[in-house]
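Below: the structure, in structure tokens.
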Amino acid sequence: MDHTNQRIVVKVGTSSLTHDSGSLDLRSMEHLVRTLSDLHGMGHEVILVTSGAIAVGTAKLGLSERPKELRMKQAAAAVGQCRMMHIYDKLFSEYNRSMAQILLTGDDVEDPSRAEHLRGTFSALLEMGVIPVVNENDSVSSAEIETGRHKVLGDNDTLSAIVAELCRADLLVLLSDIDGLYNADPKKYPGAHLLHRVEALTPEILEMAGGAGTWRGTGGMATKLSAARIAMNAGCDMVITNGERTEDLYGIVEGQNIGTRFVAHGKEERL
């Protein structure tokens, strides 16, 4: 497969961006931005889907814990989003890269007309060499924060897969707090081994994921597999890997066996 000039969506979770206190992990952010800027310089088109607005807003407001009331969570998200974008912009500027903020709700991707406009926006930004930085618009959308009702996005794993589909990306990388998909929960079974390549979401694979929250993080492995389904159906490979090793992105883009790669349907025929 030709690994030059790929369109890559990278999703980074709250746990990779923040310290346990909730404040931003600036070293992690700096490593991430430097690597993405470098990949961009190599000729790849890069889109970043980022989490963390509520956690960062909570810390910035000096609140002792994450708010429980929806309106307070959404207020914290508004503060946190502003803070995160300021820092991303500063860091990308240091590497002479321009970035853009895109905030999405379920309505934006569900409605065909709005989705088409969105595709046009992404296309124009990438054409001009800009790196779009995407998040769910938590200040107006309660889909991610409040579960149980109808929702299209609901978590940034799903959001990143929808963005990858919308932009016709070649590769989606979920930077997580785990190394990939194991054949059993590695915390319970020390002998569990990492699956490097998944060609189909078989019942056995889905069973390995367990339910939401099986591992740390909002969605657990189950939402990552639903993201894999969206990406694979859209002809986009998806890789789950550990966000602590940002430099692994270089090898992943080259197709190396890092993390777990879900191979897009029909990919084999196109090689």
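We label chains A, B, ... in the order they appear in the structure tokens, count residues from 1 in each chain, and number ligands from 1 in the order shown.
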
So that I can check the secondary structure, give me every residue of segment 78-187 of chain A assigned strand (DSSP E) by backbone DSSP, as a VMD selection string. chain A and resid 99 to 104 131 to 136 171 to 176

Shell of 9 Å around Leu24 of chain A, only C-alpha atoms, local chain residues under 4 positions omitted, as a list in words: Leu17, Thr18, His19, Ser28, Met29, Gly52, Ala55, Val56, Ala59 and Met84 of chain A

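For segment 222-230 of chain A, the list of residues within 8 Å, based on only C-alpha atoms and with local chain neighbours fewer than 6 positions off taken out, reads Asp155, Asp157, Thr158, Ser160, Ala161, Ile162, Glu165, Leu201, Leu206, Ala209, Gly210, Gly211, Ala212, Met238 and Phe262 of chain A.
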
N, CA and C atoms of the current selection, written as a JSON list (two decimals), in the first residue's frame:
[["chain", "number", "residue", "atom", "x", "y", "z"],
["A", 155, "ASP", "N", -19.98, 10.10, 22.06],
["A", 155, "ASP", "CA", -18.62, 10.02, 22.60],
["A", 155, "ASP", "C", -17.67, 10.34, 21.46],
["A", 157, "ASP", "N", -15.08, 8.79, 20.36],
["A", 157, "ASP", "CA", -14.68, 7.67, 19.50],
["A", 157, "ASP", "C", -15.61, 7.64, 18.29],
["A", 158, "THR", "N", -16.92, 7.69, 18.56],
["A", 158, "THR", "CA", -17.91, 7.71, 17.48],
["A", 158, "THR", "C", -17.77, 8.96, 16.63],
["A", 160, "SER", "N", -15.14, 10.76, 16.04],
["A", 160, "SER", "CA", -13.96, 10.71, 15.18],
["A", 160, "SER", "C", -14.20, 9.80, 13.97],
["A", 161, "ALA", "N", -14.95, 8.71, 14.17],
["A", 161, "ALA", "CA", -15.25, 7.80, 13.06],
["A", 161, "ALA", "C", -16.19, 8.48, 12.06],
["A", 162, "ILE", "N", -17.15, 9.26, 12.57],
["A", 162, "ILE", "CA", -18.07, 9.98, 11.68],
["A", 162, "ILE", "C", -17.30, 11.05, 10.89],
["A", 165, "GLU", "N", -15.38, 9.30, 8.20],
["A", 165, "GLU", "CA", -16.29, 8.92, 7.11],
["A", 165, "GLU", "C", -16.64, 10.15, 6.26],
["A", 201, "LEU", "N", -15.38, -7.66, 12.23],
["A", 201, "LEU", "CA", -15.93, -7.57, 13.60],
["A", 201, "LEU", "C", -16.82, -8.78, 13.85],
["A", 206, "LEU", "N", -16.31, -8.95, 19.12],
["A", 206, "LEU", "CA", -17.22, -8.08, 19.87],
["A", 206, "LEU", "C", -17.33, -8.52, 21.32],
["A", 209, "ALA", "N", -14.66, -7.23, 23.67],
["A", 209, "ALA", "CA", -14.77, -5.83, 24.08],
["A", 209, "ALA", "C", -15.53, -5.68, 25.39],
["A", 210, "GLY", "N", -16.40, -6.63, 25.71],
["A", 210, "GLY", "CA", -17.21, -6.50, 26.92],
["A", 210, "GLY", "C", -18.14, -5.30, 26.79],
["A", 211, "GLY", "N", -18.55, -4.76, 27.90],
["A", 211, "GLY", "CA", -19.48, -3.62, 27.87],
["A", 211, "GLY", "C", -18.73, -2.30, 27.99],
["A", 212, "ALA", "N", -19.48, -1.21, 28.00],
["A", 212, "ALA", "CA", -18.87, 0.12, 28.16],
["A", 212, "ALA", "C", -18.16, 0.18, 29.50],
["A", 238, "MET", "N", -8.74, 1.66, 10.92],
["A", 238, "MET", "CA", -8.72, 2.28, 12.25],
["A", 238, "MET", "C", -7.72, 1.57, 13.14],
["A", 262, "PHE", "N", -7.76, -2.24, 12.57],
["A", 262, "PHE", "CA", -8.99, -2.79, 12.00],
["A", 262, "PHE", "C", -8.96, -2.46, 10.50]]

Would you kindly return, as a PyMOL selection string, each protein, DNA or RNA residue with an atom no farther than 7 Å from any atom of segment 39-50 of chain A, considering only C-alpha atoms and excluding same-chain residues fewer than 6 positions away? chain A and resi 5-13+126+131-135+160

What are the nearest atom pairs, with distances in Å to one decimal, for all residues of segment 26-74 of chain A that come at most 7 Å from segment 243-255 of chain A, using only C-alpha atoms, set out by chain and rising residue number as JSON lines?
{"residue": "A:His31", "atom": "CA", "partner": "A:Thr246", "partner_atom": "CA", "distance": 6.6}
{"residue": "A:Leu32", "atom": "CA", "partner": "A:Thr246", "partner_atom": "CA", "distance": 5.9}
{"residue": "A:Thr35", "atom": "CA", "partner": "A:Glu247", "partner_atom": "CA", "distance": 6.6}

Take the selection from the previous step and output its residues with all heavy atoms, as a compact mmCIF listing (two decimals), in the first residue's frame.
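Once everything was written out, this is again_10.txt:
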# COMPACT_ATOMS: atom_id res chain seq x y z
N HIS A 31 3.93 17.06 22.71
CA HIS A 31 4.39 15.90 21.93
C HIS A 31 3.43 15.60 20.79
O HIS A 31 3.84 15.33 19.67
CB HIS A 31 4.49 14.65 22.83
CG HIS A 31 5.71 14.66 23.70
ND1 HIS A 31 5.93 13.74 24.70
CD2 HIS A 31 6.79 15.47 23.71
CE1 HIS A 31 7.08 14.00 25.30
NE2 HIS A 31 7.62 15.04 24.71
N LEU A 32 2.13 15.63 21.12
CA LEU A 32 1.10 15.33 20.12
C LEU A 32 1.15 16.34 18.98
O LEU A 32 1.18 15.97 17.79
CB LEU A 32 -0.28 15.34 20.78
CG LEU A 32 -1.48 15.15 19.84
CD1 LEU A 32 -1.47 13.77 19.21
CD2 LEU A 32 -2.79 15.38 20.58
N THR A 35 4.26 15.96 16.75
CA THR A 35 4.16 14.79 15.86
C THR A 35 3.17 15.05 14.72
O THR A 35 3.46 14.75 13.56
CB THR A 35 3.72 13.54 16.67
OG1 THR A 35 4.61 13.37 17.77
CG2 THR A 35 3.77 12.30 15.81

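Distance-wise, atom CA of Asp20 of chain A and atom CA of Met85 of chain A end up 20.3 Å apart.
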
Taking the backbone alone, and naming residues the way the document does, which bits of segment 10-196 of chain A are helix (DSSP H, G or I) by DSSP, as a ChimeraX atom specification? /A:14-17,26-41,53-60,70-94,106-110,112-127,156-166

Give me, as a Markdown table, each residue of segment 90-120 of chain A that comes within 12 Å of segment 72-83 of chain A, together with its shortest interatomic pair and the distance in Å at one decimal, counting only C-alpha atoms, with rows ordered by chain and rising residue number.
| residue | atom | partner | partner_atom | distance |
| --- | --- | --- | --- | --- |
| A:Lys90 | CA | A:Arg83 | CA | 10.8 |
| A:Gln101 | CA | A:Gln81 | CA | 9.7 |
| A:Ile102 | CA | A:Gln81 | CA | 11.0 |
| A:Leu103 | CA | A:Gln81 | CA | 9.6 |

Write out, as a CSV table (one decimal), in the first residue's frame, the residues just selected, with N, CA, C and O atoms.
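Contents of part_36.csv, as written:
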chain,number,residue,atom,x,y,z
A,90,LYS,N,-1.5,28.0,20.1
A,90,LYS,CA,-0.2,28.4,20.5
A,90,LYS,C,0.9,27.4,20.1
A,90,LYS,O,1.9,27.7,19.5
A,101,GLN,N,-10.9,25.6,14.5
A,101,GLN,CA,-11.7,24.9,15.5
A,101,GLN,C,-13.1,24.5,14.8
A,101,GLN,O,-13.7,25.4,14.1
A,102,ILE,N,-13.5,23.3,15.0
A,102,ILE,CA,-14.8,22.8,14.5
A,102,ILE,C,-15.5,22.1,15.6
A,102,ILE,O,-15.0,21.2,16.2
A,103,LEU,N,-16.6,22.7,16.0
A,103,LEU,CA,-17.5,22.1,17.0
A,103,LEU,C,-18.7,21.5,16.4
A,103,LEU,O,-19.4,22.2,15.6

Residues within 7 Å of Gly180 of chain A, only C-alpha atoms, excluding chain neighbours under 2 positions, as a list in words: Ile178, Tyr182, Leu194, Ile240, Thr241, Gly259 and Thr260 of chain A

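Candidate residues A:Leu118, A:Val140, A:Val198, A:Ile87 were compared for distance to Leu166 of chain A, and the nearest is A:Leu118, using only C-alpha atoms.
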
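Taking atom CA of Glu204 of chain A as the reference point, atom CA of Leu181 of chain A is found at 12.1 Å.
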
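The gap separating atom CA of Thr202 of chain A from atom CA of Ala234 of chain A is 17.6 Å, in Å to one decimal.
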